[in-house]
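Okay, start.cif now, which holds mmCIF, C-alpha atoms and all ligand atoms; chains and numbers go by the auth columns:
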data_model
loop_
_atom_site.group_PDB
_atom_site.id
_atom_site.type_symbol
_atom_site.label_atom_id
_atom_site.label_comp_id
_atom_site.label_asym_id
_atom_site.label_seq_id
_atom_site.Cartn_x
_atom_site.Cartn_y
_atom_site.Cartn_z
_atom_site.B_iso_or_equiv
_atom_site.auth_seq_id
_atom_site.auth_asym_id
ATOM 1 C CA MET A 1 -21.918 -1.983 -13.878 0.00 1 A
ATOM 2 C CA SER A 2 -19.532 0.898 -14.263 0.00 2 A
ATOM 3 C CA ASN A 3 -16.232 0.353 -16.024 0.00 3 A
ATOM 4 C CA ILE A 4 -14.444 3.096 -14.165 0.00 4 A
ATOM 5 C CA ARG A 5 -10.874 1.923 -13.612 0.00 5 A
ATOM 6 C CA ILE A 6 -10.192 1.782 -9.894 0.00 6 A
ATOM 7 C CA GLY A 7 -6.845 1.187 -8.234 0.00 7 A
ATOM 8 C CA ILE A 8 -6.468 0.250 -4.592 0.00 8 A
ATOM 9 C CA TYR A 9 -3.153 0.738 -2.829 0.00 9 A
ATOM 10 C CA GLY A 10 -3.319 -0.764 0.640 0.00 10 A
ATOM 11 C CA GLY A 11 -0.635 -0.923 3.274 0.00 11 A
ATOM 12 C CA THR A 12 0.338 0.023 6.748 0.00 12 A
ATOM 13 C CA PHE A 13 1.994 3.310 5.776 0.00 13 A
ATOM 14 C CA ASP A 14 3.660 3.602 9.175 0.00 14 A
ATOM 15 C CA PRO A 15 4.741 6.155 8.010 0.00 15 A
ATOM 16 C CA VAL A 16 4.180 6.893 4.324 0.00 16 A
ATOM 17 C CA HIS A 17 7.525 7.373 2.520 0.00 17 A
ATOM 18 C CA LEU A 18 8.879 8.339 -0.875 0.00 18 A
ATOM 19 C CA GLY A 19 8.738 4.719 -2.126 0.00 19 A
ATOM 20 C CA HIS A 20 4.973 4.743 -1.500 0.00 20 A
ATOM 21 C CA ILE A 21 4.458 8.156 -3.092 0.00 21 A
ATOM 22 C CA ARG A 22 6.392 7.293 -6.258 0.00 22 A
ATOM 23 C CA SER A 23 4.692 3.891 -6.451 0.00 23 A
ATOM 24 C CA ALA A 24 1.264 5.535 -6.297 0.00 24 A
ATOM 25 C CA TYR A 25 2.051 7.798 -9.255 0.00 25 A
ATOM 26 C CA ALA A 26 3.668 4.985 -11.245 0.00 26 A
ATOM 27 C CA PHE A 27 0.543 2.852 -10.616 0.00 27 A
ATOM 28 C CA LEU A 28 -1.833 5.653 -11.609 0.00 28 A
ATOM 29 C CA THR A 29 0.048 6.175 -14.868 0.00 29 A
ATOM 30 C CA ALA A 30 0.869 2.569 -15.838 0.00 30 A
ATOM 31 C CA CYS A 31 -2.682 1.320 -15.253 0.00 31 A
ATOM 32 C CA GLN A 32 -4.376 4.502 -16.517 0.00 32 A
ATOM 33 C CA LEU A 33 -6.551 4.591 -13.429 0.00 33 A
ATOM 34 C CA ASP A 34 -9.600 6.832 -13.162 0.00 34 A
ATOM 35 C CA ARG A 35 -9.391 6.752 -9.383 0.00 35 A
ATOM 36 C CA LEU A 36 -6.730 5.572 -6.961 0.00 36 A
ATOM 37 C CA PHE A 37 -7.751 4.789 -3.401 0.00 37 A
ATOM 38 C CA ILE A 38 -4.791 4.832 -1.021 0.00 38 A
ATOM 39 C CA MET A 39 -5.932 2.937 2.002 0.00 39 A
ATOM 40 C CA PRO A 40 -4.174 2.394 5.300 0.00 40 A
ATOM 41 C CA ASN A 41 -5.279 -0.810 6.997 0.00 41 A
ATOM 42 C CA PHE A 42 -6.773 -0.997 10.459 0.00 42 A
ATOM 43 C CA ILE A 43 -4.800 -3.902 11.908 0.00 43 A
ATOM 44 C CA PRO A 44 -2.248 -5.295 9.486 0.00 44 A
ATOM 45 C CA PRO A 45 -2.952 -9.002 9.193 0.00 45 A
ATOM 46 C CA HIS A 46 0.547 -9.919 7.957 0.00 46 A
ATOM 47 C CA LYS A 47 2.709 -8.214 10.461 0.00 47 A
ATOM 48 C CA ALA A 48 2.712 -7.684 14.168 0.00 48 A
ATOM 49 C CA ILE A 49 3.136 -4.089 15.203 0.00 49 A
ATOM 50 C CA CYS A 50 4.716 -3.831 18.599 0.00 50 A
ATOM 51 C CA ARG A 51 3.829 -0.242 19.366 0.00 51 A
ATOM 52 C CA GLY A 52 0.345 1.086 20.046 0.00 52 A
ATOM 53 C CA ASP A 53 -1.090 1.378 16.570 0.00 53 A
ATOM 54 C CA ASP A 54 -3.041 4.512 15.728 0.00 54 A
ATOM 55 C CA PRO A 55 -4.585 4.248 12.269 0.00 55 A
ATOM 56 C CA MET A 56 -5.820 7.840 12.379 0.00 56 A
ATOM 57 C CA LEU A 57 -2.242 9.108 12.587 0.00 57 A
ATOM 58 C CA ARG A 58 -1.199 6.968 9.618 0.00 58 A
ATOM 59 C CA LEU A 59 -4.184 8.277 7.685 0.00 59 A
ATOM 60 C CA GLN A 60 -3.348 11.866 8.525 0.00 60 A
ATOM 61 C CA MET A 61 0.298 11.429 7.452 0.00 61 A
ATOM 62 C CA LEU A 62 -0.921 10.138 4.075 0.00 62 A
ATOM 63 C CA LYS A 63 -3.189 13.152 3.656 0.00 63 A
ATOM 64 C CA ILE A 64 -0.296 15.470 4.410 0.00 64 A
ATOM 65 C CA ALA A 65 2.022 13.636 2.001 0.00 65 A
ATOM 66 C CA PHE A 66 -0.353 13.708 -0.953 0.00 66 A
ATOM 67 C CA SER A 67 -2.175 17.012 -0.474 0.00 67 A
ATOM 68 C CA PRO A 68 0.390 19.289 -2.191 0.00 68 A
ATOM 69 C CA LEU A 69 0.738 17.048 -5.244 0.00 69 A
ATOM 70 C CA PRO A 70 -1.035 17.409 -8.581 0.00 70 A
ATOM 71 C CA PHE A 71 -4.063 15.174 -9.312 0.00 71 A
ATOM 72 C CA TYR A 72 -4.740 14.900 -5.581 0.00 72 A
ATOM 73 C CA ASP A 73 -8.267 16.261 -5.803 0.00 73 A
ATOM 74 C CA ASP A 74 -8.822 14.763 -9.172 0.00 74 A
ATOM 75 C CA LYS A 75 -7.777 11.114 -9.004 0.00 75 A
ATOM 76 C CA ILE A 76 -6.135 10.191 -5.716 0.00 76 A
ATOM 77 C CA ILE A 77 -8.327 9.558 -2.692 0.00 77 A
ATOM 78 C CA ILE A 78 -6.855 8.903 0.727 0.00 78 A
ATOM 79 C CA SER A 79 -9.457 6.471 1.945 0.00 79 A
ATOM 80 C CA ASP A 80 -10.436 5.699 5.537 0.00 80 A
ATOM 81 C CA PHE A 81 -12.528 2.728 4.358 0.00 81 A
ATOM 82 C CA GLU A 82 -10.496 0.020 6.131 0.00 82 A
ATOM 83 C CA VAL A 83 -9.760 2.153 9.178 0.00 83 A
ATOM 84 C CA ARG A 84 -13.491 2.775 9.641 0.00 84 A
ATOM 85 C CA GLN A 85 -14.263 -0.952 9.686 0.00 85 A
ATOM 86 C CA GLN A 86 -12.556 -1.129 13.104 0.00 86 A
ATOM 87 C CA GLU A 87 -11.605 -4.744 12.467 0.00 87 A
ATOM 88 C CA THR A 88 -8.672 -6.580 10.921 0.00 88 A
ATOM 89 C CA SER A 89 -8.404 -5.489 7.295 0.00 89 A
ATOM 90 C CA TYR A 90 -8.606 -8.152 4.607 0.00 90 A
ATOM 91 C CA THR A 91 -8.152 -7.248 0.968 0.00 91 A
ATOM 92 C CA TYR A 92 -10.846 -9.652 -0.264 0.00 92 A
ATOM 93 C CA LYS A 93 -13.399 -7.911 1.956 0.00 93 A
ATOM 94 C CA THR A 94 -12.406 -4.475 0.685 0.00 94 A
ATOM 95 C CA LEU A 95 -12.668 -5.746 -2.891 0.00 95 A
ATOM 96 C CA GLU A 96 -16.118 -7.219 -2.223 0.00 96 A
ATOM 97 C CA HIS A 97 -17.211 -3.704 -1.327 0.00 97 A
ATOM 98 C CA PHE A 98 -15.543 -1.962 -4.268 0.00 98 A
ATOM 99 C CA LYS A 99 -16.855 -4.437 -6.841 0.00 99 A
ATOM 100 C CA TRP A 100 -20.251 -2.723 -6.422 0.00 100 A
ATOM 101 C CA ILE A 101 -18.680 0.462 -7.727 0.00 101 A
ATOM 102 C CA SER A 102 -16.767 -1.065 -10.644 0.00 102 A
ATOM 103 C CA ASP A 103 -15.808 -4.401 -12.144 0.00 103 A
ATOM 104 C CA ASP A 104 -12.381 -3.054 -13.132 0.00 104 A
ATOM 105 C CA LEU A 105 -10.373 -3.244 -9.909 0.00 105 A
ATOM 106 C CA THR A 106 -6.588 -3.421 -9.590 0.00 106 A
ATOM 107 C CA ILE A 107 -4.570 -3.720 -6.402 0.00 107 A
ATOM 108 C CA LEU A 108 -0.941 -2.669 -6.118 0.00 108 A
ATOM 109 C CA CYS A 109 1.619 -4.918 -4.405 0.00 109 A
ATOM 110 C CA GLY A 110 5.296 -4.354 -3.844 0.00 110 A
ATOM 111 C CA THR A 111 7.380 -7.503 -4.364 0.00 111 A
ATOM 112 C CA ASP A 112 7.361 -8.547 -0.684 0.00 112 A
ATOM 113 C CA ASN A 113 3.561 -8.556 -0.627 0.00 113 A
ATOM 114 C CA PHE A 114 3.263 -9.995 -4.112 0.00 114 A
ATOM 115 C CA LEU A 115 5.347 -13.070 -3.262 0.00 115 A
ATOM 116 C CA THR A 116 3.189 -13.913 -0.232 0.00 116 A
ATOM 117 C CA LEU A 117 -0.222 -13.434 -1.833 0.00 117 A
ATOM 118 C CA GLU A 118 -1.122 -17.093 -1.301 0.00 118 A
ATOM 119 C CA LYS A 119 -0.985 -16.504 2.465 0.00 119 A
ATOM 120 C CA TRP A 120 -3.678 -13.818 2.316 0.00 120 A
ATOM 121 C CA LYS A 121 -7.104 -14.706 3.649 0.00 121 A
ATOM 122 C CA ASN A 122 -9.341 -15.943 0.763 0.00 122 A
ATOM 123 C CA PHE A 123 -6.594 -15.136 -1.716 0.00 123 A
ATOM 124 C CA GLU A 124 -8.376 -16.997 -4.551 0.00 124 A
ATOM 125 C CA ARG A 125 -11.192 -14.479 -4.220 0.00 125 A
ATOM 126 C CA VAL A 126 -8.626 -11.663 -4.449 0.00 126 A
ATOM 127 C CA PHE A 127 -7.402 -13.104 -7.777 0.00 127 A
ATOM 128 C CA GLU A 128 -11.005 -13.351 -8.977 0.00 128 A
ATOM 129 C CA LEU A 129 -11.988 -9.830 -8.029 0.00 129 A
ATOM 130 C CA ALA A 130 -8.915 -7.824 -8.998 0.00 130 A
ATOM 131 C CA ASN A 131 -6.025 -7.442 -11.372 0.00 131 A
ATOM 132 C CA ILE A 132 -2.717 -7.481 -9.538 0.00 132 A
ATOM 133 C CA ALA A 133 -0.249 -4.700 -10.276 0.00 133 A
ATOM 134 C CA HIS A 134 3.277 -5.603 -9.204 0.00 134 A
ATOM 135 C CA ILE A 135 5.991 -3.077 -8.463 0.00 135 A
ATOM 136 C CA VAL A 136 9.569 -4.167 -7.828 0.00 136 A
ATOM 137 C CA ARG A 137 11.185 -3.400 -4.473 0.00 137 A
ATOM 138 C CA PRO A 138 14.954 -3.002 -4.662 0.00 138 A
ATOM 139 C CA ASN A 139 16.033 -5.677 -2.180 0.00 139 A
ATOM 140 C CA THR A 140 14.156 -8.245 -4.188 0.00 140 A
ATOM 141 C CA PHE A 141 15.481 -6.983 -7.526 0.00 141 A
ATOM 142 C CA ASP A 142 18.093 -9.750 -7.826 0.00 142 A
ATOM 143 C CA GLU A 143 15.553 -12.471 -7.239 0.00 143 A
ATOM 144 C CA SER A 144 13.806 -11.902 -10.538 0.00 144 A
ATOM 145 C CA ASP A 145 13.775 -15.653 -11.303 0.00 145 A
ATOM 146 C CA GLU A 146 11.653 -16.230 -8.230 0.00 146 A
ATOM 147 C CA ILE A 147 9.330 -13.393 -9.216 0.00 147 A
ATOM 148 C CA LEU A 148 8.932 -14.881 -12.700 0.00 148 A
ATOM 149 C CA SER A 149 8.116 -18.355 -11.449 0.00 149 A
ATOM 150 C CA VAL A 150 5.628 -17.053 -8.872 0.00 150 A
ATOM 151 C CA LYS A 151 3.923 -14.979 -11.563 0.00 151 A
ATOM 152 C CA GLN A 152 3.677 -18.017 -13.782 0.00 152 A
ATOM 153 C CA ARG A 153 2.168 -20.073 -10.952 0.00 153 A
ATOM 154 C CA TYR A 154 -0.417 -17.400 -10.120 0.00 154 A
ATOM 155 C CA LYS A 155 -1.442 -17.223 -13.756 0.00 155 A
ATOM 156 C CA GLU A 156 -1.678 -20.990 -14.273 0.00 156 A
ATOM 157 C CA LYS A 157 -3.267 -21.944 -10.940 0.00 157 A
ATOM 158 C CA TYR A 158 -5.542 -18.987 -10.283 0.00 158 A
ATOM 159 C CA ASN A 159 -5.988 -17.278 -13.662 0.00 159 A
ATOM 160 C CA ALA A 160 -4.340 -14.212 -12.165 0.00 160 A
ATOM 161 C CA ARG A 161 -4.266 -11.066 -14.253 0.00 161 A
ATOM 162 C CA ILE A 162 -0.914 -9.471 -13.491 0.00 162 A
ATOM 163 C CA VAL A 163 0.417 -6.116 -14.649 0.00 163 A
ATOM 164 C CA ASP A 164 3.991 -4.908 -14.125 0.00 164 A
ATOM 165 C CA VAL A 165 4.315 -1.310 -13.017 0.00 165 A
ATOM 166 C CA PRO A 166 7.638 0.147 -14.163 0.00 166 A
ATOM 167 C CA MET A 167 9.449 2.333 -11.652 0.00 167 A
ATOM 168 C CA ALA A 168 13.097 3.058 -10.871 0.00 168 A
ATOM 169 C CA PRO A 169 13.565 1.052 -7.638 0.00 169 A
ATOM 170 C CA ILE A 170 13.600 3.074 -4.415 0.00 170 A
ATOM 171 C CA ASP A 171 15.296 1.459 -1.459 0.00 171 A
ATOM 172 C CA ILE A 172 13.213 2.852 1.421 0.00 172 A
ATOM 173 C CA SER A 173 11.073 1.120 4.044 0.00 173 A
ATOM 174 C CA SER A 174 8.928 2.481 6.857 0.00 174 A
ATOM 175 C CA THR A 175 11.056 0.424 9.253 0.00 175 A
ATOM 176 C CA GLU A 176 14.136 2.402 8.218 0.00 176 A
ATOM 177 C CA VAL A 177 12.237 5.697 8.576 0.00 177 A
ATOM 178 C CA ARG A 178 11.018 4.798 12.084 0.00 178 A
ATOM 179 C CA GLU A 179 14.531 3.846 13.146 0.00 179 A
ATOM 180 C CA ARG A 180 16.003 7.081 11.849 0.00 180 A
ATOM 181 C CA ILE A 181 13.351 9.125 13.646 0.00 181 A
ATOM 182 C CA ARG A 182 13.925 7.243 16.894 0.00 182 A
ATOM 183 C CA ASN A 183 17.626 8.056 16.575 0.00 183 A
ATOM 184 C CA HIS A 184 16.861 11.742 15.836 0.00 184 A
ATOM 185 C CA GLN A 185 18.405 11.430 12.359 0.00 185 A
ATOM 186 C CA ASP A 186 17.639 13.290 9.156 0.00 186 A
ATOM 187 C CA THR A 187 14.823 11.883 6.968 0.00 187 A
ATOM 188 C CA SER A 188 14.681 14.608 4.322 0.00 188 A
ATOM 189 C CA THR A 189 15.365 12.198 1.443 0.00 189 A
ATOM 190 C CA LEU A 190 12.907 9.582 2.740 0.00 190 A
ATOM 191 C CA ILE A 191 9.669 11.353 3.703 0.00 191 A
ATOM 192 C CA PRO A 192 8.156 14.782 2.937 0.00 192 A
ATOM 193 C CA HIS A 193 9.185 17.587 5.242 0.00 193 A
ATOM 194 C CA ASP A 194 5.591 18.221 6.371 0.00 194 A
ATOM 195 C CA VAL A 195 5.164 14.579 7.358 0.00 195 A
ATOM 196 C CA ARG A 196 8.327 14.735 9.502 0.00 196 A
ATOM 197 C CA ALA A 197 7.059 17.930 11.132 0.00 197 A
ATOM 198 C CA TYR A 198 3.775 16.162 12.001 0.00 198 A
ATOM 199 C CA ILE A 199 5.637 13.121 13.396 0.00 199 A
ATOM 200 C CA ASP A 200 7.832 15.333 15.558 0.00 200 A
ATOM 201 C CA LYS A 201 4.904 17.442 16.750 0.00 201 A
ATOM 202 C CA TYR A 202 3.022 14.372 18.047 0.00 202 A
ATOM 203 C CA ASP A 203 6.144 12.371 18.898 0.00 203 A
ATOM 204 C CA ILE A 204 4.681 9.460 16.924 0.00 204 A
ATOM 205 C CA TYR A 205 7.813 7.308 16.903 0.00 205 A
ATOM 206 C CA GLY A 206 9.476 8.660 20.012 0.00 206 A
ATOM 207 C CA GLU A 207 11.042 6.438 22.658 0.00 207 A
ATOM 208 C CA HIS A 208 7.784 6.237 24.632 0.00 208 A
ATOM 209 C CA ASN A 209 5.844 5.068 21.590 0.00 209 A
ATOM 210 C CA GLY A 210 8.323 2.491 20.328 0.00 210 A
HETATM 211 P P1 LIG B . 7.577 -1.728 6.970 0.00 301 A
HETATM 212 O O1 LIG B . 9.026 -1.383 6.818 0.00 301 A
HETATM 213 O O2 LIG B . 6.945 -1.205 8.231 0.00 301 A
HETATM 214 O O3 LIG B . 7.321 -3.212 6.761 0.00 301 A
HETATM 215 P P2 LIG B . 6.929 -0.880 4.262 0.00 301 A
HETATM 216 O O4 LIG B . 7.951 0.152 3.917 0.00 301 A
HETATM 217 O O5 LIG B . 7.113 -2.255 3.703 0.00 301 A
HETATM 218 O O6 LIG B . 6.740 -0.956 5.835 0.00 301 A
HETATM 219 P P3 LIG B . 4.066 -0.944 3.835 0.00 301 A
HETATM 220 O O7 LIG B . 3.125 0.100 4.296 0.00 301 A
HETATM 221 O O8 LIG B . 4.068 -2.238 4.549 0.00 301 A
HETATM 222 O O9 LIG B . 5.540 -0.275 3.840 0.00 301 A
HETATM 223 O O10 LIG B . 3.884 -1.188 2.278 0.00 301 A
HETATM 224 C C1 LIG B . 2.654 -1.001 1.590 0.00 301 A
HETATM 225 C C2 LIG B . 2.851 -1.467 0.169 0.00 301 A
HETATM 226 O O11 LIG B . 3.842 -0.654 -0.473 0.00 301 A
HETATM 227 C C3 LIG B . 3.374 -2.913 0.027 0.00 301 A
HETATM 228 O O12 LIG B . 2.745 -3.507 -1.106 0.00 301 A
HETATM 229 C C4 LIG B . 4.861 -2.737 -0.194 0.00 301 A
HETATM 230 O O13 LIG B . 5.414 -3.820 -0.912 0.00 301 A
HETATM 231 C C5 LIG B . 4.882 -1.451 -1.007 0.00 301 A
HETATM 232 N N1 LIG B . 6.145 -0.711 -0.828 0.00 301 A
HETATM 233 C C6 LIG B . 6.662 -0.251 0.319 0.00 301 A
HETATM 234 N N2 LIG B . 7.848 0.365 0.113 0.00 301 A
HETATM 235 C C7 LIG B . 8.084 0.297 -1.211 0.00 301 A
HETATM 236 C C8 LIG B . 9.168 0.737 -2.059 0.00 301 A
HETATM 237 N N3 LIG B . 10.248 1.369 -1.556 0.00 301 A
HETATM 238 N N4 LIG B . 9.086 0.490 -3.386 0.00 301 A
HETATM 239 C C9 LIG B . 7.995 -0.167 -3.892 0.00 301 A
HETATM 240 N N5 LIG B . 6.954 -0.613 -3.154 0.00 301 A
HETATM 241 C C10 LIG B . 6.981 -0.393 -1.834 0.00 301 A
#
Once you've parsed the file, please lay out its structure as structure tokens.
Amino acid sequence: MSNIRIGIYGGTFDPVHLGHIRSAYAFLTACQLDRLFIMPNFIPPHKAICRGDDPMLRLQMLKIAFSPLPFYDDKIIISDFEVRQQETSYTYKTLEHFKWISDDLTILCGTDNFLTLEKWKNFERVFELANIAHIVRPNTFDESDEILSVKQRYKEKYNARIVDVPMAPIDISSTEVRERIRNHQDTSTLIPHDVRAYIDKYDIYGEHNG
């Protein structure tokens, strides 16, 4: 079995924003990953999306966001693995696949996802198969007591292996980006210029797609 250190960063990325991009680099560095797979999900199991979901557009926006950055060819892979499954994405299933490549797997979770890990399908298997890297999201920053007690519970109940990824908190969500685009507002501090140009070209979050 290979010991290559693999990171998996899953999410909806609808669209990818600066918080995601910075998190990916912080994860790569803090966990000294050999490869980082950034993986949009097919149908997000934890949230209902009200507009017609097109995973290929989310995938393409990720490719655009990461392509001009260093290490892109080298370590970061924008992966269509979950999109190709054409079925609801579950992290445990993705990990079952990647464990054949390496036994050193780490998934990245922002605080909102981290705190709800016990609601994920077969979450005990997720704890078995992967280390959990946690990155703080700003709105949850003041609830550090809750984060600490949840971490403790995961460790005691499920033998979770948890790593903290340090990053200056970035208060951005895809929801905010979609709203700004719908209202024809500036997003230059939230998403890369090329991603906005792609969104506008295909009217991805326009009134008819909302
Ligand atoms: P939405 O607003 O549509 O719910 P989102 O901004 O939360 O989207 P997701 O694609 O759902 O983005 O997030 C994927 C992963 O990235 C999750 O683990 C989430 O916690 C994390 N994440 C998202 N935004 C940030 C951020 N600003 N800082 C740190 N982590 C983040």
Residue contacts of segment 185-188 of chain A (12 Å, all atoms listed in the file) excluding same-chain residues fewer than 2 positions away, as a CSV table (one decimal) with C-alpha atoms, in the frame of the given file:
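Dumped everything to selection32.csv:
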chain,number,residue,atom,x,y,z
A,15,PRO,CA,4.7,6.2,8.0
A,17,HIS,CA,7.5,7.4,2.5
A,18,LEU,CA,8.9,8.3,-0.9
A,172,ILE,CA,13.2,2.9,1.4
A,173,SER,CA,11.1,1.1,4.0
A,174,SER,CA,8.9,2.5,6.9
A,176,GLU,CA,14.1,2.4,8.2
A,177,VAL,CA,12.2,5.7,8.6
A,178,ARG,CA,11.0,4.8,12.1
A,179,GLU,CA,14.5,3.8,13.1
A,180,ARG,CA,16.0,7.1,11.8
A,181,ILE,CA,13.4,9.1,13.6
A,182,ARG,CA,13.9,7.2,16.9
A,183,ASN,CA,17.6,8.1,16.6
A,190,LEU,CA,12.9,9.6,2.7
A,191,ILE,CA,9.7,11.4,3.7
A,192,PRO,CA,8.2,14.8,2.9
A,193,HIS,CA,9.2,17.6,5.2
A,194,ASP,CA,5.6,18.2,6.4
A,195,VAL,CA,5.2,14.6,7.4
A,196,ARG,CA,8.3,14.7,9.5
A,197,ALA,CA,7.1,17.9,11.1
A,199,ILE,CA,5.6,13.1,13.4
A,200,ASP,CA,7.8,15.3,15.6
Given the file above and the PyMOL selection byres (((chain A and resi 170) around 9) and not hetatm), which residues are selected, and can you give them as a list in words? Leu18, Gly19, Arg22, Val136, Arg137, Pro138, Met167, Ala168, Pro169, Asp171 and Ile172 of chain A
Counting all atoms listed in the file, the option among A:Ile76, A:Ile135, A:Leu57, A:Val83 closest to ligand LIG 301 (chain A): A:Ile135
I'd like to see the residues matched by the PyMOL selection byres (((chain A and resi 117) around 12) and not hetatm) on this file, and ideally I'd get them as an MDAnalysis selection string. chainID A and resid 46 90:92 107:116 118:127 132 134 150:151 153:154 158 160
Between atom O6 of ligand LIG 301 (chain A) and atom CA of Lys99 of chain A - distance in Å to one decimal: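 These two atoms are separated by 27.0 Å.
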So how many Å separate atom CA of Ile6 of chain A and atom CA of Leu105 of chain A, to one decimal?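 Pair atom CA of Ile6 of chain A / atom CA of Leu105 of chain A returns 5.0 Å.
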Restricting the calculation to all atoms listed in the file: of A:Lys157, A:Lys75, A:Arg58, A:His20, which residue gets closest to ligand LIG 301 (chain A)?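 Of A:Lys157, A:Lys75, A:Arg58, A:His20, the one nearest ligand LIG 301 (chain A), counting all atoms listed in the file, is A:His20.
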To test your reading of the syntax: which residues would the PyMOL selection byres (((chain A and resi 35-44) around 6) and not hetatm) return for the file shown? Reply as a VMD selection string. chain A and resid 6 to 12 33 to 34 45 to 47 55 75 to 79 82 to 83 88 to 89
Which one of A:Tyr198, A:Ala133, A:Thr175, A:His184 sits closest to Ala26 of chain A if you count all atoms listed in the file?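 With all atoms listed in the file as the atom set, the closest residue is A:Ala133.
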Considering all atoms listed in the file, state which residue in the set A:Asn139, A:Gln60, A:Ser149, A:Thr106 is at the smallest distance from ligand LIG 301 (chain A). A:Asn139
Hey, what's within 7 Å of Phe27 of chain A if we count all atoms listed in the file and toss same-chain stuff fewer than 4 positions away? As a VMD selection string, please? chain A and resid 23 31 165
Which of A:Asp164, A:Glu87, A:Glu156, A:Glu128 sits closest to ligand LIG 301 (chain A) [using all atoms listed in the file]: A:Asp164
Find the residue from A:Asp145, A:Lys63, A:Arg161, A:Ala24 that sits nearest to ligand LIG 301 (chain A); use all atoms listed in the file when measuring. A:Ala24
